[in-house]
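Shown here: final.txt, compact mmCIF, C-alpha atoms.
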```txt
# COMPACT_ATOMS: atom_id res chain seq x y z
CA MET A 1 168.94 104.42 72.97
CA ARG A 2 166.18 106.11 74.93
CA PRO A 3 164.28 105.90 78.22
CA ILE A 4 162.09 102.83 78.58
CA VAL A 5 159.61 104.50 80.93
CA LYS A 6 157.61 107.71 80.76
CA TRP A 7 158.36 109.66 83.91
CA ALA A 8 157.07 112.95 85.24
CA GLY A 9 159.91 115.46 85.04
CA GLY A 10 161.80 113.39 82.47
CA LYS A 11 164.74 115.18 80.88
CA THR A 12 164.53 114.14 77.23
CA LYS A 13 163.54 117.66 76.17
CA LEU A 14 166.31 119.24 78.24
CA LEU A 15 169.17 117.00 77.12
CA ALA A 16 170.99 119.57 75.01
CA GLN A 17 171.03 122.05 77.90
CA LEU A 18 172.23 119.44 80.38
CA VAL A 19 174.90 117.78 78.27
CA ALA A 20 176.35 121.17 77.27
CA ARG A 21 177.21 121.70 80.94
CA MET A 22 178.70 118.26 81.61
CA PRO A 23 182.39 117.39 81.64
CA GLY A 24 183.58 115.40 78.63
CA GLU A 25 184.76 112.55 80.81
CA MET A 26 184.51 111.55 84.43
CA ARG A 27 185.53 108.84 86.83
CA THR A 28 181.99 108.12 88.05
CA TYR A 29 178.65 109.22 86.65
CA ALA A 30 176.00 109.18 89.39
CA GLU A 31 172.30 109.86 89.08
CA PRO A 32 170.71 109.44 92.54
CA PHE A 33 167.17 110.26 91.32
CA SER A 34 167.22 108.21 88.13
CA GLY A 35 163.52 108.28 87.14
CA GLY A 36 163.46 107.82 83.37
CA ALA A 37 167.28 108.20 83.30
CA ALA A 38 167.19 110.13 80.01
CA LEU A 39 170.57 111.76 80.64
CA PHE A 40 172.24 108.45 81.46
CA PHE A 41 170.89 106.74 78.34
CA ALA A 42 171.97 109.70 76.20
CA ILE A 43 175.58 109.81 77.40
CA ALA A 44 175.92 106.00 77.46
CA ASP A 45 175.02 105.75 73.77
CA GLN A 46 178.40 106.01 72.08
CA SER A 47 176.79 106.43 68.65
CA GLU A 48 175.11 109.68 69.66
CA LYS A 49 176.41 113.25 69.86
CA TYR A 50 175.69 113.36 73.61
CA ALA A 51 178.07 110.50 74.48
CA ARG A 52 180.44 111.06 77.39
CA LYS A 53 183.21 108.90 78.83
CA PHE A 54 182.84 107.48 82.33
CA ASP A 55 184.53 104.64 84.19
CA ARG A 56 181.42 103.54 86.04
CA ALA A 57 177.84 104.64 86.58
CA ILE A 58 175.53 104.55 89.58
CA LEU A 59 171.79 104.87 89.16
CA ALA A 60 169.54 105.04 92.20
CA ASP A 61 165.95 105.75 93.03
CA ARG A 62 163.61 105.49 96.01
CA ASN A 63 160.99 103.78 93.84
CA GLU A 64 161.68 100.10 94.44
CA ASP A 65 159.62 98.90 91.47
CA LEU A 66 161.60 101.14 89.13
CA VAL A 67 164.95 99.90 90.47
CA ILE A 68 163.84 96.27 90.11
CA THR A 69 162.69 97.01 86.56
CA TYR A 70 166.05 98.45 85.56
CA ASN A 71 167.93 95.54 87.13
CA ALA A 72 165.65 93.01 85.45
CA VAL A 73 166.19 94.66 82.06
CA LYS A 74 169.92 94.86 82.73
CA HIS A 75 170.31 91.17 83.61
CA ASP A 76 167.75 89.52 81.32
CA ALA A 77 165.93 91.79 78.89
CA ASP A 78 164.56 88.82 76.96
CA ALA A 79 162.81 87.50 80.07
CA VAL A 80 161.16 90.90 80.54
CA ILE A 81 160.17 90.95 76.87
CA ARG A 82 158.55 87.52 77.16
CA GLU A 83 156.54 88.64 80.19
CA LEU A 84 155.55 91.92 78.54
CA ALA A 85 154.43 90.17 75.36
CA GLU A 86 151.56 88.62 77.35
CA TYR A 87 149.95 92.04 77.87
CA LYS A 88 147.51 93.86 75.64
CA TYR A 89 145.83 97.24 75.79
CA ASP A 90 142.72 96.37 77.77
CA ARG A 91 140.93 98.20 80.58
CA ASP A 92 140.04 95.13 82.61
CA LEU A 93 143.55 93.75 82.30
CA PHE A 94 144.95 97.11 83.39
CA TYR A 95 142.97 97.17 86.64
CA ALA A 96 143.62 93.50 87.36
CA THR A 97 147.34 94.10 86.87
CA ARG A 98 147.26 97.24 89.00
CA GLU A 99 145.78 95.25 91.88
CA LYS A 100 148.51 92.60 91.81
CA ASP A 101 150.99 92.77 94.67
CA PRO A 102 154.30 93.30 92.84
CA LYS A 103 156.21 91.66 95.69
CA THR A 104 154.63 88.31 94.78
CA LEU A 105 156.11 88.42 91.26
CA THR A 106 159.47 87.43 89.84
CA ASP A 107 161.71 90.35 88.91
CA PRO A 108 161.04 90.04 85.13
CA ALA A 109 157.29 89.84 85.80
CA ARG A 110 157.48 92.80 88.15
CA ALA A 111 159.34 94.79 85.50
CA ALA A 112 156.75 93.87 82.88
CA ARG A 113 153.96 94.96 85.23
CA LEU A 114 155.54 98.39 85.71
CA LEU A 115 156.18 98.84 82.00
CA PHE A 116 152.64 97.81 81.07
CA LEU A 117 151.03 100.10 83.64
CA ASN A 118 153.36 102.95 82.72
CA ARG A 119 152.49 102.74 79.03
CA THR A 120 148.74 102.34 79.46
CA CYS A 121 147.91 104.50 82.50
CA PHE A 122 146.54 108.03 82.35
CA ASN A 123 149.09 110.41 80.83
CA GLY A 124 151.98 108.04 81.51
CA LEU A 125 151.95 109.20 85.11
CA TRP A 126 153.53 107.09 87.86
CA ARG A 127 152.07 107.96 91.23
CA VAL A 128 151.72 105.97 94.43
CA ASN A 129 149.75 106.53 97.62
CA SER A 130 151.16 106.71 101.16
CA LYS A 131 151.38 102.91 101.25
CA GLY A 132 153.38 102.79 98.05
CA LYS A 133 150.51 101.42 95.95
CA PHE A 134 150.23 102.56 92.34
CA ASN A 135 146.90 104.37 91.94
CA VAL A 136 146.78 106.04 88.49
CA PRO A 137 143.68 105.21 86.39
CA PHE A 138 143.53 103.65 82.92
CA GLY A 139 144.55 105.93 80.07
CA ARG A 140 142.93 106.48 76.70
CA TYR A 141 145.25 105.81 73.77
CA LYS A 142 144.72 104.78 70.16
CA ASN A 143 147.30 102.03 69.93
CA PRO A 144 150.03 102.25 72.59
CA THR A 145 153.28 100.34 72.15
CA ILE A 146 153.44 98.02 75.12
CA CYS A 147 156.49 95.92 74.25
CA ASP A 148 159.34 97.69 72.44
CA ALA A 149 161.84 94.84 72.33
CA ASP A 150 164.54 96.82 70.52
CA ALA A 151 164.42 99.62 73.10
CA LEU A 152 164.59 97.15 75.99
CA ARG A 153 167.60 95.34 74.54
CA ALA A 154 169.38 98.65 73.87
CA ALA A 155 168.63 99.74 77.45
CA SER A 156 170.04 96.43 78.70
CA ARG A 157 173.34 97.10 76.96
CA ALA A 158 173.58 100.56 78.54
CA LEU A 159 172.52 99.39 82.00
CA ALA A 160 175.22 96.70 81.94
CA ARG A 161 177.65 99.53 82.71
CA ALA A 162 175.73 100.71 85.77
CA ASP A 163 175.19 99.73 89.38
CA ILE A 164 171.47 100.20 90.04
CA VAL A 165 170.42 100.56 93.66
CA HIS A 166 167.34 101.29 95.76
CA SER A 167 168.77 103.96 97.99
CA ASP A 168 168.58 107.45 99.44
CA PHE A 169 170.64 110.01 97.54
CA ALA A 170 173.03 110.60 100.45
CA ASP A 171 174.02 106.93 100.52
CA VAL A 172 174.82 107.04 96.80
CA THR A 173 177.10 110.07 97.04
CA ARG A 174 178.85 109.32 100.35
CA ASP A 175 182.12 108.14 98.77
CA LEU A 176 182.15 110.38 95.68
CA GLY A 177 184.56 113.25 95.19
CA ARG A 178 187.15 114.64 92.80
CA GLY A 179 186.80 113.32 89.28
CA ASP A 180 183.17 112.30 89.78
CA PHE A 181 180.08 113.89 88.26
CA ILE A 182 176.70 113.79 89.96
CA TYR A 183 173.41 114.80 88.39
CA PHE A 184 170.56 115.39 90.84
CA ASP A 185 167.04 115.48 89.42
CA PRO A 186 164.92 115.33 92.59
CA PRO A 187 161.13 115.51 92.80
CA TYR A 188 160.60 119.19 92.16
CA ALA A 189 159.77 121.77 94.77
CA PRO A 190 156.10 122.81 94.46
CA VAL A 191 155.60 125.89 92.31
CA SER A 192 152.70 127.13 94.43
CA SER A 193 151.20 126.67 97.88
CA THR A 194 148.69 124.19 96.45
CA ALA A 195 151.03 122.24 94.20
CA ASP A 196 152.33 119.02 95.72
CA PHE A 197 153.21 116.33 93.24
CA THR A 198 156.15 114.44 94.69
CA ALA A 199 154.61 111.00 95.26
CA TYR A 200 156.72 108.87 92.90
CA ALA A 201 157.61 106.74 95.93
CA ALA A 202 156.00 106.30 99.32
CA GLY A 203 157.04 109.09 101.68
CA GLY A 204 157.33 111.83 99.07
CA PHE A 205 160.09 114.44 99.04
CA GLY A 206 159.33 117.50 101.15
CA HIS A 207 161.03 120.78 102.03
CA ASP A 208 163.31 119.20 104.64
CA ASP A 209 164.53 116.78 101.98
CA GLN A 210 165.19 119.69 99.60
CA VAL A 211 167.30 121.37 102.32
CA ARG A 212 169.14 118.11 103.02
CA LEU A 213 169.91 117.80 99.32
CA THR A 214 171.35 121.32 99.24
CA THR A 215 173.63 120.39 102.14
CA GLU A 216 174.82 117.32 100.23
CA VAL A 217 175.53 119.40 97.10
CA GLU A 218 177.68 121.74 99.22
CA ALA A 219 179.56 118.79 100.74
CA LEU A 220 180.25 117.29 97.31
CA GLN A 221 181.55 120.62 96.07
CA ARG A 222 183.98 120.77 98.97
CA ARG A 223 185.22 117.27 98.08
CA GLY A 224 185.92 118.39 94.52
CA ALA A 225 183.07 116.63 92.75
CA LEU A 226 181.21 118.35 89.91
CA VAL A 227 177.49 118.55 90.61
CA MET A 228 174.60 119.54 88.38
CA LEU A 229 171.03 119.76 89.60
CA SER A 230 167.67 120.61 88.06
CA ASN A 231 164.61 121.85 89.90
CA ALA A 232 161.58 124.09 89.47
CA ASP A 233 162.36 127.79 89.21
CA THR A 234 160.79 129.13 92.39
CA PRO A 235 161.85 131.70 94.98
CA ALA A 236 162.51 128.84 97.39
CA THR A 237 164.86 126.95 95.06
CA ARG A 238 166.66 130.15 94.07
CA ALA A 239 167.26 130.82 97.76
CA LEU A 240 168.49 127.27 98.42
CA TYR A 241 171.07 127.42 95.62
CA LYS A 242 171.95 131.11 95.61
CA GLY A 243 175.65 130.34 96.11
CA PHE A 244 175.89 128.43 92.84
CA THR A 245 175.52 129.12 89.13
CA LEU A 246 171.83 129.13 88.21
CA ALA A 247 170.57 128.98 84.65
CA VAL A 248 166.88 129.60 84.02
CA VAL A 249 165.61 127.53 81.10
CA GLY A 250 162.22 126.89 79.55
CA VAL A 251 161.04 123.35 78.96
CA SER A 252 157.81 121.88 77.66
CA ARG A 253 156.06 119.47 80.02
CA SER A 254 153.36 117.01 78.91
CA ILE A 255 152.98 115.05 82.17
CA ASN A 256 151.15 116.72 85.04
CA SER A 257 148.24 115.67 87.20
CA ASP A 258 146.63 119.04 86.32
CA ALA A 259 146.14 119.44 82.55
CA SER A 260 146.12 123.25 82.85
CA LYS A 261 149.73 123.13 84.10
CA ARG A 262 151.13 121.27 81.13
CA GLY A 263 153.12 123.29 78.62
CA GLU A 264 156.29 125.33 78.96
CA THR A 265 157.60 125.88 82.46
CA ALA A 266 160.69 127.59 83.87
CA GLU A 267 163.31 125.38 85.45
CA LEU A 268 166.65 125.92 87.11
CA ILE A 269 169.84 124.14 86.16
CA VAL A 270 172.29 124.47 89.05
CA THR A 271 176.03 123.83 88.72
CA THR A 272 178.74 123.92 91.37
CA TRP A 273 181.24 125.56 89.06
CA GLY A 274 181.25 128.86 87.20
CA THR A 275 180.32 132.30 88.49
CA PRO A 276 177.64 132.25 91.21
CA GLY A 277 174.47 134.04 90.20
CA ILE A 278 171.50 133.74 87.88
CA ILE A 279 171.77 133.39 84.13
CA GLU A 280 168.49 134.09 82.39
CA GLU A 281 168.32 131.85 79.34
CA ARG A 282 164.76 130.63 78.85
CA ALA A 283 165.57 128.82 75.58
CA SER A 284 164.30 125.25 75.65
```
Here is the file; what I need is its structure written in the form of structure tokens.
Amino acid sequence: MRPIVKWAGGKTKLLAQLVARMPGEMRTYAEPFSGGAALFFAIADQSEKYARKFDRAILADRNEDLVITYNAVKHDADAVIRELAEYKYDRDLFYATREKDPKTLTDPARAARLLFLNRTCFNGLWRVNSKGKFNVPFGRYKNPTICDADALRAASRALARADIVHSDFADVTRDLGRGDFIYFDPPYAPVSSTADFTAYAAGGFGHDDQVRLTTEVEALQRRGALVMLSNADTPATRALYKGFTLAVVGVSRSINSDASKRGETAELIVTTWGTPGIIEERAS
């Protein structure tokens, strides 16, 4: 069981570090910035070493196309597979598909459109403009897998245990508290004054949103929930979360709009329990 989309900032390579910090069981597992949902798929797979017990799961994202894709796969993976089987790796088809208005499509067709574009676009990068329109160019691959039916059916089984919503993070966490576990993986704070890659959904995720998220983490801690968060290791994020436990870890990144910035980067894993302060780890 694995993510069905490639997503900038995906956590597949950081799973061991994340799962090691999670509780063994929880009432609710919530992931308000689901993206590729690598952590959810890992803990939902009861055949894997990362499995964790939870009564219910909530996945949310501000990217409407992504939420519709997950719900379509959850409710009828075979319909998505049939739609996706019509696609082939072709430049003209890519641009014609990119120009389609997703709101005119059925949910399975909309899911297939996202999956096709995601697997054939440049570097697997999902980026939208200010109007929410996908604008990544065609990618160069030898023979990309466009329809992985087994992966989609496995994802459907996992997603059957989750409520999947198009929502702001604060709406997802409003009623959560003791016994619940929340993993925040927001669009990362820029690592420099010129870096600004947060456009996974129209509107982006700026500094004010980062501050608002910190406030929500503090509120959840007061209500007794266990919260874990990942973000870029920058002076700004260290300052935002200085009252919590911060682990600095290294992780290899292959998706970035700037090729020179791919490779190992330093990230923070924040937890609301443990001794406040910075733990320098750096092991990926």
Sel. within 9 Å of pt (170.2, 105.4, 94.1), counting all atoms listed in the file, output as a PDB file with C-alpha atoms, in the coordinates of the input:
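The new file selection-v8.pdb reads:
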```
ATOM      1  CA  ALA A  30     176.000 109.180  89.390  1.00  0.00           C
ATOM      2  CA  GLU A  31     172.300 109.860  89.080  1.00  0.00           C
ATOM      3  CA  PRO A  32     170.710 109.440  92.540  1.00  0.00           C
ATOM      4  CA  PHE A  33     167.170 110.260  91.320  1.00  0.00           C
ATOM      5  CA  SER A  34     167.220 108.210  88.130  1.00  0.00           C
ATOM      6  CA  ILE A  58     175.530 104.550  89.580  1.00  0.00           C
ATOM      7  CA  LEU A  59     171.790 104.870  89.160  1.00  0.00           C
ATOM      8  CA  ALA A  60     169.540 105.040  92.200  1.00  0.00           C
ATOM      9  CA  ASP A  61     165.950 105.750  93.030  1.00  0.00           C
ATOM     10  CA  ARG A  62     163.610 105.490  96.010  1.00  0.00           C
ATOM     11  CA  VAL A  67     164.950  99.900  90.470  1.00  0.00           C
ATOM     12  CA  ASP A 163     175.190  99.730  89.380  1.00  0.00           C
ATOM     13  CA  ILE A 164     171.470 100.200  90.040  1.00  0.00           C
ATOM     14  CA  VAL A 165     170.420 100.560  93.660  1.00  0.00           C
ATOM     15  CA  HIS A 166     167.340 101.290  95.760  1.00  0.00           C
ATOM     16  CA  SER A 167     168.770 103.960  97.990  1.00  0.00           C
ATOM     17  CA  ASP A 168     168.580 107.450  99.440  1.00  0.00           C
ATOM     18  CA  PHE A 169     170.640 110.010  97.540  1.00  0.00           C
ATOM     19  CA  ALA A 170     173.030 110.600 100.450  1.00  0.00           C
ATOM     20  CA  ASP A 171     174.020 106.930 100.520  1.00  0.00           C
ATOM     21  CA  VAL A 172     174.820 107.040  96.800  1.00  0.00           C
ATOM     22  CA  THR A 173     177.100 110.070  97.040  1.00  0.00           C
TER      23      THR A 173
END
```
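Distance annotation: of A:Tyr183, A:Tyr70, A:Trp7, A:Phe205, the residue with the minimal separation from Val19 (chain A) is A:Tyr183; atom set is all atoms listed in the file.
Distance check against Lys6 (chain A) using only C-alpha atoms: of A:Leu18, A:Met26, A:Leu114, A:Ile43, the minimum falls on A:Leu114.
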Just the number, please: distance in Å from CA of Ala189 (chain A) to CA of Ala232 (chain A), one decimal.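 These atoms are spaced 6.1 Å apart.
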Two-atom distance - CA of Val249 (chain A), CA of Glu267 (chain A) (Å):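 These atoms are spaced 5.4 Å apart.
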Using all atoms listed in the file, determine which residues lie at most 7 Å from Ala112 (chain A), disregarding the query and same-chain residues fewer than 5 positions distant; provide the list as a list in words.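 Those residues are Val80, Glu83 and Leu84 of chain A.
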Which of these, A:Trp126, A:Glu48, A:Ala42, A:Glu218, has the shortest distance to Asp65 (chain A) once you count all atoms listed in the file?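 Nearest to Asp65 (chain A): A:Trp126.
Counting all atoms listed in the file, the residue from A:Asn63, A:Gln221, A:Thr275, A:Ser156 that sits nearest to Gly132 (chain A) is A:Asn63.
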Using only C-alpha atoms, list the residues that have an atom at most 12 Å from (167.9, 88.9, 76.0), coordinates as in the file, as number ranges by chain. A: 72-82, 108, 149-157
Counting all atoms listed in the file, which residue out of A:Pro187, A:Leu246, A:Phe94, A:Met228 sits closest to Asp209 (chain A)? A:Pro187
Contacts of Ala266 (chain A) at 8 Å (all atoms listed in the file; same-chain gap of 4+ positions) as a ChimeraX atom specification: /A:232-233,248-251,282
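You can rank A:Lys13, A:Val5, A:Thr215, A:Cys147 by their closest distance to Asn118 (chain A) using all atoms listed in the file, and at the top of that list sits A:Val5.
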At what distance in Å, to one decimal, does CA of Tyr29 (chain A) lie from CA of Phe181 (chain A)?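 Spanning CA of Phe181 (chain A) to CA of Tyr29 (chain A) is a straight-line distance of 5.1 Å.
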